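Everything below concerns the one structure shown next.
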Protein chains: 2
Amino acid sequence: MYRAPVDEIAHAIKHVAGLSNAIESGQAGELSEDLVDAILEEAGKFATDQIAPLLMVGDQHGSKLANDAVTTPPGWKELYQSWIAGGWNALSGPEEYGGQNLPSTLAMAATEMWNSGSMAFGLCPMLTMGAIEAFEAHASDELKAVYFEKLISGEWTGSMNLTEPQAGSDLAALKSRAEPQGDGTYRIFGQKIFITYGEHDMTDNIVHLVLARLPDAPAGTRGISLFAVPKFLVNDDGSLGERNDAFCSGLEHKLGVHASPTCTMIYGDGKFGDKPGAIGWLIGEENRGLNCMFTMMNNARLAVGVQGVAIAEAATQKAIAFANERKQGKASSWDGEGMAPIVFHPDIQRNLLTMKALTQAARAICYSCAHALDLAKIGSDEDKKFWSERASLLTPIAKAYSTDIGSEVASIGVQVHGGMGFIEETGAAIFMRDARIAQIYEGTNGIQAIDLVQRKLPLSEGQCVSAYFDELDGILEQLRTSNEPAFGNSMAVLTEAMEALKSATSWLNTKSKAGETQHVLAAATPYQTLFGLVAGGIYLAKSALAVPDAKDRAALCRFFAENHANGAAALKNRVEQGADSFEAAAASLVD
Amino acid sequence: MYRAPVDEIAHAIKHVAGLSNAIESGQAGELSEDLVDAILEEAGKFATDQIAPLLMVGDQHGSKLANDAVTTPPGWKELYQSWIAGGWNALSGPEEYGGQNLPSTLAMAATEMWNSGSMAFGLCPMLTMGAIEAFEAHASDELKAVYFEKLISGEWTGSMNLTEPQAGSDLAALKSRAEPQGDGTYRIFGQKIFITYGEHDMTDNIVHLVLARLPDAPAGTRGISLFAVPKFLVNDDGSLGERNDAFCSGLEHKLGVHASPTCTMIYGDGKFGDKPGAIGWLIGEENRGLNCMFTMMNNARLAVGVQGVAIAEAATQKAIAFANERKQGKASSWDGEGMAPIVFHPDIQRNLLTMKALTQAARAICYSCAHALDLAKIGSDEDKKFWSERASLLTPIAKAYSTDIGSEVASIGVQVHGGMGFIEETGAAIFMRDARIAQIYEGTNGIQAIDLVQRKLPLSEGQCVSAYFDELDGILEQLRTSNEPAFGNSMAVLTEAMEALKSATSWLNTKSKAGETQHVLAAATPYQTLFGLVAGGIYLAKSALAVPDAKDRAALCRFFAENHANGAAALKNRVEQGADSFEAAAASLVD
């Protein structure tokens, strides 16, 4: 069973993402390395001892809907209550409302552990986190006074209501509507689908954040507003009042994350309250709802990337443990009696090393993105802009690369288990099923790629991405001067991969400037994969260079370079040439 | 819903695999192209109209065990009866026992369609097919007289009993035992796991083929014998007699193929009959059971490869249909009103074209392998040896490449569906769940890779593989002289890919001869992937070159070349250099 890799995570956030430097240079306030270690240690214990044991229970029972109420699996409510009692929901909220104001880097590290324990559990606080960010950035003090403290403590959870049947990737098609009541409140009407933890029994109240259109709002995305719609209205004294006119009409039967209720939410059906319409309060300005959403989307996308890392880590641990136990066949490197543990078979080693290397590469990308978010909050305006853009640049990579490898690693984990991997009781398949959604939600990985090539590469006229490449080049320079033989051909391969990334980037810039949008869009996904591959590989080098005598880390970097990063040239070719092959071939796809 | 792609399959078997040439040159007996078309058409109708509609029923109900009896999903028994009534089980059996003796190519084409309809259904005849082959090659006439006709008609099904808890990939560890009774029969004792359709309600009897050890048999794989163990003993008049001492003690709860019962089988527990021991009859010689198994393993492995193609085809059809219906966002190539069908988005096009190209590449490999099996049955001994070795060479590629792309294509299919893909009712996730086992059973794809590099490359001192490369070079030569501009850079890319494959093959030969087994084993999987990639790409060229004006096919070949086959150089590097990076990195994996 999963054991939180506290030391590995600490290494990644301190030495790869750069938290140690930040602490040393005073950028991290009162945070000390000891405090970081202590928090990670405690979070790791909770994830290992309390969340992970409920993974299979959650998967097998799932959440159930009856009489408008969702019942989470046995032990789920107690787990959640114990988790908020530990103060874990409040890690990164503002102090004036009870939060601990700890850096994103640390919050994301904890997020990884919750989600390794159970992604279905980890989803609940992830949604609340989104609500917290929306409140922090955009809610009025009046609204904050009622909800904010309870969202930060986790006493109440949040839900995010964007998607409608006809409006998924394209929110412009959104139809839910909000009618102003003249008293500062609105009545919300509409149906939302795929609402994670839209209804559950773990807390007394749920604060739904709902996108809807005001009467006469402009069409498209510029006519969408954001509302807070509590499940139960809150009395002036803070006690819970009447049930609001919002309920869950159905749960989805899903491939994975069974314990996480995915709700169809009905607003304003007249089922509850004196007259139809769920009562809501505007968050931020009218018609600026999508901007409010974008505020939290960066964090949410990063958190989903972290879910990819989390699943990959849990799957890797399970596969390594199995490969050490399961014996089949002979292996020349095994000198024991009888059949060899399969970990001694080279092909199994390839699988396990791939799992390990991809996981660590993705983790490095995610925590580097989180650290950029932290640095974006301090220093000069110029510094803030620089790091904010850096975080924006890395967000699609963190989300897409990590969730892609999350599914890949989980699938390899099933393979390592052989026939047992296909049996649900083994538990390897859960990771594969759970991981699959992370490539889809919070913007499909295809949408991330479009965001990367169309919105992120042009940041500061391309200076954002070129500064990042300079940083990666700096690591390559360190690698060049390293005497560690365990790096093998890493330097040559990673340098070539970096050149491929630069070439592909130039190609995209040229095409973008020439207005050849179809080419840019066609090349987006292989470019995104290339970006993650190169950044991940170079971070593995950084991870080994950061501490003395890290032969194991250097060997893993070498494995990644010589078995994965050498795919960079092909990806570059797909970016620069692949798009030309689309037009003729794609015609056959249209009905 | 799935519609059998009869024309596409006909094109693949006739023009890519070479059945048309065989018919023309008289190698296919009385078979005509018209007969091929007629059979494919009828098989396609059955798969489309009768099997595919039960896919979701089968997945949702699954098979259930109660009172030692397995109940298949509603409609399953009727479907099977209707299927054998159509004569579909008898396609390729010998005529003297009621078979139609049609070529493997045609039987595999039909197999693809059954498995596209429902892989859980298609598995049942696949297992019977294995039993038929074992009977044909090794059973005595007495045994054939009792069972063979009913196995060929499908009135009775077959099951394959190899795996035991401690003996999966390594059958040397097998413990089931057989005691000779002195009357030509044996009593079988032991437990077998993962037995597909080991028990079910679709037929009156089941013939279990069971591997077991005779008393004092040599240890390891040379002490294993094969037995036929019927569920019900057969009276002299052919009627069913007593229940044999064999039963299903449990069903696995699996990730996919829910309707296919995966049984734990108990032999000789004393539950049925007068005294403990399931009565069985030896097939082939004593202690030569594994050889008997290998007879059918080639076909079974190819059939599993075809399952990969089948799932990929069904998933591709579903994704293309969805992408034509679902509307989101704007697309420059869409000139209709409102949101564009997502098939007009370049990133979706990349996904769909990848699905289509991988499916057709894998299909070409599988049918080329099937055609080699057919040619191995005719002509001179030299010819037979040549084609038999060709089939042996292509079998691991057909199995591993096709099942790898089966899972990949099914997963892309989920992605194309967005959030809907994660919802079970959509049906896209079934393909992903079902496809996953095909990479594992009938020898994991890692085992296939080892088979390829250690057993298949050395065939006829390497002349088998070099003759195959000559054939591929011949196709490249045709491509070189083609004037079809739709091929784009296919020729250059595929030629480079072919060089990479040759280089990797030489490297493996050198290492093998030098006895550097660890390197050979470490390189096996990327080599196998490279082989499939190159063969698949060149077959797509062949597919386009085979008929006049095949612009669509040439465009698909180009897409594959410029977006997939250009990964060949990286795979070659992984083969030739990747293995060096294993040793240091792998040490950290061992507990």
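Every chain in the structure tokens has a letter given in the order shown (A, B, ...), and although residue numbers restart at 1 in each chain, ligands are simply numbered from 1 in the order shown.
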Return as JSON lines the residues of chain A lying at most 7 Å from chain B, together with the closest atom-to-atom pair for each and the distance in Å to one decimal, counting only C-alpha atoms, with rows in chain order and ascending residue number.
{"residue": "A:Ser169", "atom": "CA", "partner": "B:Gln328", "partner_atom": "CA", "distance": 6.7}
{"residue": "A:Asp170", "atom": "CA", "partner": "B:Gly329", "partner_atom": "CA", "distance": 5.3}
{"residue": "A:Glu252", "atom": "CA", "partner": "B:Ile423", "partner_atom": "CA", "distance": 6.5}
{"residue": "A:His253", "atom": "CA", "partner": "B:Glu424", "partner_atom": "CA", "distance": 5.8}
{"residue": "A:Lys254", "atom": "CA", "partner": "B:Ile423", "partner_atom": "CA", "distance": 4.5}
{"residue": "A:Leu255", "atom": "CA", "partner": "B:Phe422", "partner_atom": "CA", "distance": 5.5}
{"residue": "A:Ile320", "atom": "CA", "partner": "B:Leu589", "partner_atom": "CA", "distance": 6.7}
{"residue": "A:Asn324", "atom": "CA", "partner": "B:Val590", "partner_atom": "CA", "distance": 6.5}
{"residue": "A:Gln328", "atom": "CA", "partner": "B:Asp170", "partner_atom": "CA", "distance": 5.5}
{"residue": "A:Gly329", "atom": "CA", "partner": "B:Asp170", "partner_atom": "CA", "distance": 5.3}
{"residue": "A:Val343", "atom": "CA", "partner": "B:Val590", "partner_atom": "CA", "distance": 6.7}
{"residue": "A:Pro346", "atom": "CA", "partner": "B:Ala522", "partner_atom": "CA", "distance": 4.9}
{"residue": "A:Asp347", "atom": "CA", "partner": "B:Ala522", "partner_atom": "CA", "distance": 5.6}
{"residue": "A:Gln349", "atom": "CA", "partner": "B:Ala586", "partner_atom": "CA", "distance": 6.2}
{"residue": "A:Leu353", "atom": "CA", "partner": "B:Ala586", "partner_atom": "CA", "distance": 7.0}
{"residue": "A:Gln415", "atom": "CA", "partner": "B:Ile440", "partner_atom": "CA", "distance": 6.6}
{"residue": "A:Gly418", "atom": "CA", "partner": "B:Ile440", "partner_atom": "CA", "distance": 5.8}
{"residue": "A:Gly419", "atom": "CA", "partner": "B:Ile440", "partner_atom": "CA", "distance": 6.3}
{"residue": "A:Phe422", "atom": "CA", "partner": "B:Leu255", "partner_atom": "CA", "distance": 5.5}
{"residue": "A:Ile423", "atom": "CA", "partner": "B:Lys254", "partner_atom": "CA", "distance": 4.5}
{"residue": "A:Glu424", "atom": "CA", "partner": "B:Lys254", "partner_atom": "CA", "distance": 5.2}
{"residue": "A:Ala429", "atom": "CA", "partner": "B:Leu255", "partner_atom": "CA", "distance": 6.7}
{"residue": "A:Ile437", "atom": "CA", "partner": "B:Phe422", "partner_atom": "CA", "distance": 6.4}
{"residue": "A:Ile440", "atom": "CA", "partner": "B:Gly418", "partner_atom": "CA", "distance": 5.8}
{"residue": "A:Tyr441", "atom": "CA", "partner": "B:Gly419", "partner_atom": "CA", "distance": 6.8}
{"residue": "A:Thr444", "atom": "CA", "partner": "B:Gly418", "partner_atom": "CA", "distance": 7.0}
{"residue": "A:Gly446", "atom": "CA", "partner": "B:Asp347", "partner_atom": "CA", "distance": 6.4}
{"residue": "A:Gln518", "atom": "CA", "partner": "B:Pro346", "partner_atom": "CA", "distance": 6.8}
{"residue": "A:Leu521", "atom": "CA", "partner": "B:Pro346", "partner_atom": "CA", "distance": 6.0}
{"residue": "A:Ala522", "atom": "CA", "partner": "B:Pro346", "partner_atom": "CA", "distance": 4.9}
{"residue": "A:Asp552", "atom": "CA", "partner": "B:Ala585", "partner_atom": "CA", "distance": 6.2}
{"residue": "A:Ala555", "atom": "CA", "partner": "B:Ala585", "partner_atom": "CA", "distance": 4.9}
{"residue": "A:Leu556", "atom": "CA", "partner": "B:Ala585", "partner_atom": "CA", "distance": 5.5}
{"residue": "A:Arg558", "atom": "CA", "partner": "B:Ser581", "partner_atom": "CA", "distance": 6.2}
{"residue": "A:Phe559", "atom": "CA", "partner": "B:Ser581", "partner_atom": "CA", "distance": 5.2}
{"residue": "A:Glu562", "atom": "CA", "partner": "B:Gly578", "partner_atom": "CA", "distance": 5.2}
{"residue": "A:Asn563", "atom": "CA", "partner": "B:Arg574", "partner_atom": "CA", "distance": 5.1}
{"residue": "A:Asn566", "atom": "CA", "partner": "B:Ala570", "partner_atom": "CA", "distance": 5.6}
{"residue": "A:Gly567", "atom": "CA", "partner": "B:Ala570", "partner_atom": "CA", "distance": 5.1}
{"residue": "A:Ala570", "atom": "CA", "partner": "B:Gly567", "partner_atom": "CA", "distance": 5.1}
{"residue": "A:Arg574", "atom": "CA", "partner": "B:Asn563", "partner_atom": "CA", "distance": 5.1}
{"residue": "A:Gln577", "atom": "CA", "partner": "B:Glu562", "partner_atom": "CA", "distance": 6.6}
{"residue": "A:Gly578", "atom": "CA", "partner": "B:Glu562", "partner_atom": "CA", "distance": 5.2}
{"residue": "A:Ser581", "atom": "CA", "partner": "B:Phe559", "partner_atom": "CA", "distance": 5.2}
{"residue": "A:Phe582", "atom": "CA", "partner": "B:Phe559", "partner_atom": "CA", "distance": 6.7}
{"residue": "A:Ala584", "atom": "CA", "partner": "B:Ala555", "partner_atom": "CA", "distance": 5.9}
{"residue": "A:Ala585", "atom": "CA", "partner": "B:Ala555", "partner_atom": "CA", "distance": 4.9}
{"residue": "A:Ala586", "atom": "CA", "partner": "B:Gln349", "partner_atom": "CA", "distance": 6.2}
{"residue": "A:Leu589", "atom": "CA", "partner": "B:Ile320", "partner_atom": "CA", "distance": 6.7}
{"residue": "A:Val590", "atom": "CA", "partner": "B:Asn324", "partner_atom": "CA", "distance": 6.5}
{"residue": "A:Asp591", "atom": "CA", "partner": "B:Asn324", "partner_atom": "CA", "distance": 6.5}
Kindly export the residues of the current selection with N, CA and C atoms, as a compact mmCIF listing (two decimals), in the first residue's frame.
# COMPACT_ATOMS: atom_id res chain seq x y z
N SER A 169 -16.13 22.36 -23.31
CA SER A 169 -14.91 23.12 -23.60
C SER A 169 -15.26 24.55 -24.01
N ASP A 170 -16.44 24.72 -24.58
CA ASP A 170 -16.85 26.03 -25.07
C ASP A 170 -17.94 26.62 -24.16
N GLU A 252 -23.45 10.46 -12.02
CA GLU A 252 -22.90 9.75 -13.18
C GLU A 252 -22.27 8.42 -12.73
N HIS A 253 -22.41 7.45 -13.59
CA HIS A 253 -21.75 6.14 -13.41
C HIS A 253 -20.46 6.21 -14.22
N LYS A 254 -19.35 6.30 -13.52
CA LYS A 254 -18.10 6.66 -14.19
C LYS A 254 -17.07 5.53 -14.24
N LEU A 255 -16.11 5.72 -15.15
CA LEU A 255 -14.99 4.79 -15.26
C LEU A 255 -14.18 4.73 -13.96
N ILE A 320 6.34 -1.65 -8.01
CA ILE A 320 7.66 -2.03 -7.50
C ILE A 320 7.51 -3.08 -6.40
N ASN A 324 8.85 -7.06 -6.62
CA ASN A 324 9.79 -7.64 -5.66
C ASN A 324 9.26 -8.92 -5.03
N GLN A 328 8.71 -15.33 -11.10
CA GLN A 328 8.46 -16.06 -12.35
C GLN A 328 9.77 -16.16 -13.11
N GLY A 329 10.07 -17.33 -13.61
CA GLY A 329 11.19 -17.51 -14.53
C GLY A 329 12.57 -17.31 -13.92
N VAL A 343 11.31 -8.40 -10.58
CA VAL A 343 12.06 -7.14 -10.64
C VAL A 343 13.46 -7.37 -11.23
N PRO A 346 14.90 -7.75 -17.08
CA PRO A 346 15.16 -6.45 -17.70
C PRO A 346 13.90 -5.74 -18.22
N ASP A 347 12.97 -6.49 -18.81
CA ASP A 347 11.80 -5.81 -19.36
C ASP A 347 10.92 -5.21 -18.25
N GLN A 349 12.21 -4.20 -15.42
CA GLN A 349 13.00 -3.06 -14.97
C GLN A 349 12.74 -1.84 -15.86
N LEU A 353 11.38 1.49 -14.23
CA LEU A 353 12.20 2.72 -14.34
C LEU A 353 11.45 3.79 -15.10
N GLN A 415 0.22 -3.55 -16.37
CA GLN A 415 1.00 -4.51 -17.16
C GLN A 415 2.00 -5.27 -16.30
N GLY A 418 0.75 -8.26 -14.64
CA GLY A 418 0.30 -9.37 -15.48
C GLY A 418 -1.20 -9.59 -15.32
N GLY A 419 -1.63 -10.84 -15.38
CA GLY A 419 -3.05 -11.16 -15.27
C GLY A 419 -3.70 -10.57 -14.03
N PHE A 422 -5.39 -7.09 -14.16
CA PHE A 422 -6.73 -6.92 -14.76
C PHE A 422 -7.84 -7.22 -13.75
N ILE A 423 -7.45 -7.81 -12.61
CA ILE A 423 -8.42 -8.17 -11.57
C ILE A 423 -8.60 -6.98 -10.64
N GLU A 424 -9.85 -6.56 -10.45
CA GLU A 424 -10.08 -5.33 -9.69
C GLU A 424 -9.56 -5.40 -8.25
N ALA A 429 -5.70 -1.60 -11.24
CA ALA A 429 -6.58 -1.03 -12.27
C ALA A 429 -7.29 0.24 -11.78
N ILE A 437 -9.58 10.51 -15.98
CA ILE A 437 -10.35 11.75 -16.04
C ILE A 437 -9.46 13.00 -15.99
N ILE A 440 -8.86 14.92 -18.94
CA ILE A 440 -10.05 15.51 -19.55
C ILE A 440 -10.53 16.76 -18.81
N TYR A 441 -10.67 16.67 -17.49
CA TYR A 441 -11.33 17.81 -16.81
C TYR A 441 -10.38 18.98 -16.58
N THR A 444 -9.49 19.90 -21.35
CA THR A 444 -8.82 18.70 -21.87
C THR A 444 -7.36 19.04 -22.20
N GLY A 446 -5.92 18.63 -24.86
CA GLY A 446 -5.89 19.31 -26.15
C GLY A 446 -6.12 20.81 -26.00
N GLN A 518 -4.23 27.28 -38.46
CA GLN A 518 -4.51 25.85 -38.57
C GLN A 518 -3.24 25.04 -38.27
N LEU A 521 -2.49 25.17 -34.52
CA LEU A 521 -3.40 24.31 -33.75
C LEU A 521 -3.09 22.83 -33.98
N ALA A 522 -2.74 22.49 -35.20
CA ALA A 522 -2.45 21.09 -35.51
C ALA A 522 -1.18 20.63 -34.79
N ASP A 552 22.19 7.66 -7.80
CA ASP A 552 20.90 7.09 -8.18
C ASP A 552 20.09 8.06 -9.03
N ALA A 555 21.59 8.32 -12.41
CA ALA A 555 21.28 7.13 -13.21
C ALA A 555 19.85 7.19 -13.74
N LEU A 556 18.94 7.73 -12.92
CA LEU A 556 17.55 7.84 -13.37
C LEU A 556 17.43 8.89 -14.48
N ARG A 558 19.77 9.57 -16.56
CA ARG A 558 20.32 8.91 -17.74
C ARG A 558 19.29 7.99 -18.39
N PHE A 559 18.61 7.22 -17.54
CA PHE A 559 17.57 6.32 -18.08
C PHE A 559 16.53 7.13 -18.86
N GLU A 562 18.09 8.54 -22.18
CA GLU A 562 18.42 7.57 -23.23
C GLU A 562 17.24 6.70 -23.64
N ASN A 563 16.15 6.77 -22.89
CA ASN A 563 14.98 5.96 -23.24
C ASN A 563 13.72 6.78 -23.47
N ASN A 566 15.20 11.09 -25.86
CA ASN A 566 15.68 10.99 -27.24
C ASN A 566 14.53 10.89 -28.25
N GLY A 567 13.31 10.99 -27.77
CA GLY A 567 12.17 11.11 -28.67
C GLY A 567 11.89 12.55 -29.08
N ALA A 570 11.81 13.52 -32.91
CA ALA A 570 10.60 13.08 -33.62
C ALA A 570 9.44 14.03 -33.33
N ARG A 574 7.19 16.27 -35.82
CA ARG A 574 5.72 16.25 -35.88
C ARG A 574 5.16 17.66 -35.81
N GLN A 577 6.41 19.40 -39.31
CA GLN A 577 6.01 18.81 -40.60
C GLN A 577 4.66 18.12 -40.54
N GLY A 578 4.30 17.64 -39.34
CA GLY A 578 3.09 16.83 -39.23
C GLY A 578 1.84 17.53 -39.70
N SER A 581 0.33 17.27 -43.18
CA SER A 581 -0.30 16.03 -43.61
C SER A 581 -1.77 15.97 -43.22
N PHE A 582 -2.25 16.98 -42.49
CA PHE A 582 -3.61 16.91 -41.96
C PHE A 582 -4.69 17.06 -43.02
N ALA A 584 -5.38 16.83 -46.26
CA ALA A 584 -5.87 15.80 -47.17
C ALA A 584 -6.47 14.63 -46.39
N ALA A 585 -5.77 14.23 -45.33
CA ALA A 585 -6.24 13.06 -44.59
C ALA A 585 -7.52 13.34 -43.82
N ALA A 586 -7.65 14.57 -43.32
CA ALA A 586 -8.78 14.87 -42.45
C ALA A 586 -10.11 14.93 -43.20
N LEU A 589 -12.63 12.28 -42.64
CA LEU A 589 -13.24 12.09 -41.32
C LEU A 589 -14.64 12.69 -41.22
N VAL A 590 -14.93 13.65 -42.11
CA VAL A 590 -16.19 14.37 -42.01
C VAL A 590 -17.29 13.56 -42.68
N ASP A 591 -18.39 13.43 -41.96
CA ASP A 591 -19.53 12.65 -42.48
C ASP A 591 -20.05 13.22 -43.79
Considering only C-alpha atoms, return as JSON, numbers by chain whatever protein or nucleic-acid residues lie within 6 Å of region 279-296 of chain B, sequence-local ones (same chain, fewer than 5 positions apart) excluded. {"B": [130, 133, 138, 139, 185, 186, 187, 222, 223, 224, 225, 226, 227, 228, 229]}
Could you take the residues named above and write them with all heavy atoms, as a short mmCIF file (atom, residue, chain, number, x, y, z; two decimals), in the first residue's frame?
data_model
loop_
_atom_site.label_atom_id
_atom_site.label_comp_id
_atom_site.auth_asym_id
_atom_site.auth_seq_id
_atom_site.Cartn_x
_atom_site.Cartn_y
_atom_site.Cartn_z
N GLY B 130 -8.76 -22.57 -30.20
CA GLY B 130 -7.53 -23.14 -29.66
C GLY B 130 -7.67 -24.65 -29.46
O GLY B 130 -6.77 -25.43 -29.82
N GLU B 133 -7.59 -26.49 -32.77
CA GLU B 133 -6.24 -26.64 -33.32
C GLU B 133 -5.45 -27.72 -32.59
O GLU B 133 -4.71 -28.50 -33.22
CB GLU B 133 -5.49 -25.32 -33.26
CG GLU B 133 -5.94 -24.40 -34.38
CD GLU B 133 -5.71 -22.95 -34.06
OE1 GLU B 133 -4.88 -22.66 -33.18
OE2 GLU B 133 -6.38 -22.12 -34.67
N HIS B 138 -2.97 -32.92 -32.71
CA HIS B 138 -2.40 -33.88 -31.76
C HIS B 138 -3.33 -34.95 -31.23
O HIS B 138 -2.86 -35.93 -30.66
CB HIS B 138 -1.80 -33.12 -30.56
CG HIS B 138 -0.79 -32.11 -30.95
ND1 HIS B 138 0.47 -32.44 -31.39
CD2 HIS B 138 -0.84 -30.74 -30.99
CE1 HIS B 138 1.15 -31.34 -31.67
NE2 HIS B 138 0.38 -30.29 -31.45
N ALA B 139 -4.64 -34.79 -31.39
CA ALA B 139 -5.55 -35.75 -30.75
C ALA B 139 -5.63 -37.05 -31.56
O ALA B 139 -5.49 -37.04 -32.79
CB ALA B 139 -6.94 -35.14 -30.59
N THR B 185 -7.36 -43.72 -19.51
CA THR B 185 -7.78 -42.43 -18.97
C THR B 185 -6.84 -42.00 -17.84
O THR B 185 -6.02 -42.78 -17.36
CB THR B 185 -9.22 -42.46 -18.42
OG1 THR B 185 -9.24 -43.28 -17.23
CG2 THR B 185 -10.19 -43.04 -19.44
N TYR B 186 -7.00 -40.75 -17.46
CA TYR B 186 -6.19 -40.18 -16.37
C TYR B 186 -7.15 -39.47 -15.42
O TYR B 186 -8.23 -39.06 -15.80
CB TYR B 186 -5.19 -39.17 -16.93
CG TYR B 186 -4.18 -39.77 -17.89
CD1 TYR B 186 -4.54 -40.08 -19.21
CD2 TYR B 186 -2.88 -40.03 -17.49
CE1 TYR B 186 -3.63 -40.63 -20.09
CE2 TYR B 186 -1.95 -40.59 -18.37
CZ TYR B 186 -2.33 -40.88 -19.66
OH TYR B 186 -1.43 -41.43 -20.52
N ARG B 187 -6.70 -39.36 -14.15
CA ARG B 187 -7.46 -38.53 -13.20
C ARG B 187 -6.65 -37.26 -12.96
O ARG B 187 -5.47 -37.31 -12.61
CB ARG B 187 -7.65 -39.27 -11.88
CG ARG B 187 -8.56 -40.48 -11.98
CD ARG B 187 -9.98 -40.14 -11.56
NE ARG B 187 -10.85 -41.30 -11.71
CZ ARG B 187 -12.15 -41.28 -11.39
NH1 ARG B 187 -12.72 -40.19 -10.91
NH2 ARG B 187 -12.88 -42.36 -11.56
N ARG B 222 9.45 -29.60 -19.49
CA ARG B 222 9.50 -30.87 -20.23
C ARG B 222 8.76 -31.98 -19.53
O ARG B 222 8.82 -33.14 -19.93
CB ARG B 222 10.95 -31.27 -20.49
CG ARG B 222 11.56 -30.35 -21.53
CD ARG B 222 13.02 -30.63 -21.77
NE ARG B 222 13.57 -29.57 -22.59
CZ ARG B 222 14.85 -29.41 -22.85
NH1 ARG B 222 15.73 -30.27 -22.36
NH2 ARG B 222 15.26 -28.42 -23.60
N GLY B 223 8.05 -31.67 -18.47
CA GLY B 223 7.29 -32.69 -17.76
C GLY B 223 5.81 -32.36 -17.71
O GLY B 223 5.09 -32.75 -16.80
N ILE B 224 5.38 -31.66 -18.73
CA ILE B 224 3.97 -31.22 -18.74
C ILE B 224 3.23 -31.92 -19.88
O ILE B 224 3.72 -31.98 -21.00
CB ILE B 224 3.89 -29.69 -18.92
CG1 ILE B 224 4.57 -29.00 -17.73
CG2 ILE B 224 2.45 -29.23 -19.06
CD1 ILE B 224 4.70 -27.50 -17.90
N SER B 225 2.05 -32.46 -19.57
CA SER B 225 1.24 -33.15 -20.58
C SER B 225 -0.09 -32.43 -20.74
O SER B 225 -0.53 -31.71 -19.84
CB SER B 225 1.02 -34.61 -20.17
OG SER B 225 2.25 -35.24 -19.94
N LEU B 226 -0.72 -32.66 -21.88
CA LEU B 226 -2.00 -32.00 -22.18
C LEU B 226 -3.14 -33.01 -22.16
O LEU B 226 -3.01 -34.10 -22.73
CB LEU B 226 -1.92 -31.32 -23.55
CG LEU B 226 -3.17 -30.57 -24.00
CD1 LEU B 226 -3.47 -29.38 -23.08
CD2 LEU B 226 -3.02 -30.07 -25.44
N PHE B 227 -4.23 -32.66 -21.52
CA PHE B 227 -5.38 -33.56 -21.39
C PHE B 227 -6.67 -32.87 -21.83
O PHE B 227 -6.83 -31.67 -21.62
CB PHE B 227 -5.53 -34.03 -19.94
CG PHE B 227 -4.31 -34.75 -19.44
CD1 PHE B 227 -3.26 -34.05 -18.84
CD2 PHE B 227 -4.18 -36.13 -19.62
CE1 PHE B 227 -2.12 -34.70 -18.42
CE2 PHE B 227 -3.03 -36.79 -19.19
CZ PHE B 227 -2.00 -36.07 -18.59
N ALA B 228 -7.55 -33.70 -22.39
CA ALA B 228 -8.91 -33.23 -22.67
C ALA B 228 -9.79 -33.69 -21.52
O ALA B 228 -9.84 -34.88 -21.20
CB ALA B 228 -9.41 -33.83 -23.98
N VAL B 229 -10.45 -32.75 -20.88
CA VAL B 229 -11.28 -33.05 -19.71
C VAL B 229 -12.67 -32.45 -19.94
O VAL B 229 -12.86 -31.25 -19.79
CB VAL B 229 -10.67 -32.45 -18.43
CG1 VAL B 229 -11.49 -32.82 -17.21
CG2 VAL B 229 -9.22 -32.89 -18.25
#
Residues at most 9 Å from Leu472 (chain B), counting only C-alpha atoms, excluding those fewer than 6 positions away in the same chain, as an mmCIF file with N, CA and C atoms, in the first residue's frame?
data_model
loop_
_atom_site.group_PDB
_atom_site.id
_atom_site.type_symbol
_atom_site.label_atom_id
_atom_site.label_comp_id
_atom_site.auth_asym_id
_atom_site.auth_seq_id
_atom_site.Cartn_x
_atom_site.Cartn_y
_atom_site.Cartn_z
ATOM 1 N N MET B 498 12.994 2.371 -41.981
ATOM 2 C CA MET B 498 13.448 1.023 -42.341
ATOM 3 C C MET B 498 14.933 0.862 -42.012
ATOM 4 N N VAL B 534 7.441 0.290 -38.177
ATOM 5 C CA VAL B 534 7.983 0.313 -39.534
ATOM 6 C C VAL B 534 7.135 -0.557 -40.467
ATOM 7 N N ALA B 535 6.837 -1.771 -40.011
ATOM 8 C CA ALA B 535 6.016 -2.658 -40.845
ATOM 9 C C ALA B 535 4.653 -2.022 -41.097
ATOM 10 N N ILE B 538 4.887 0.895 -43.601
ATOM 11 C CA ILE B 538 5.129 0.453 -44.985
ATOM 12 C C ILE B 538 3.896 -0.261 -45.544
ATOM 13 N N TYR B 539 3.177 -0.956 -44.688
ATOM 14 C CA TYR B 539 1.925 -1.574 -45.152
ATOM 15 C C TYR B 539 0.885 -0.522 -45.531
#
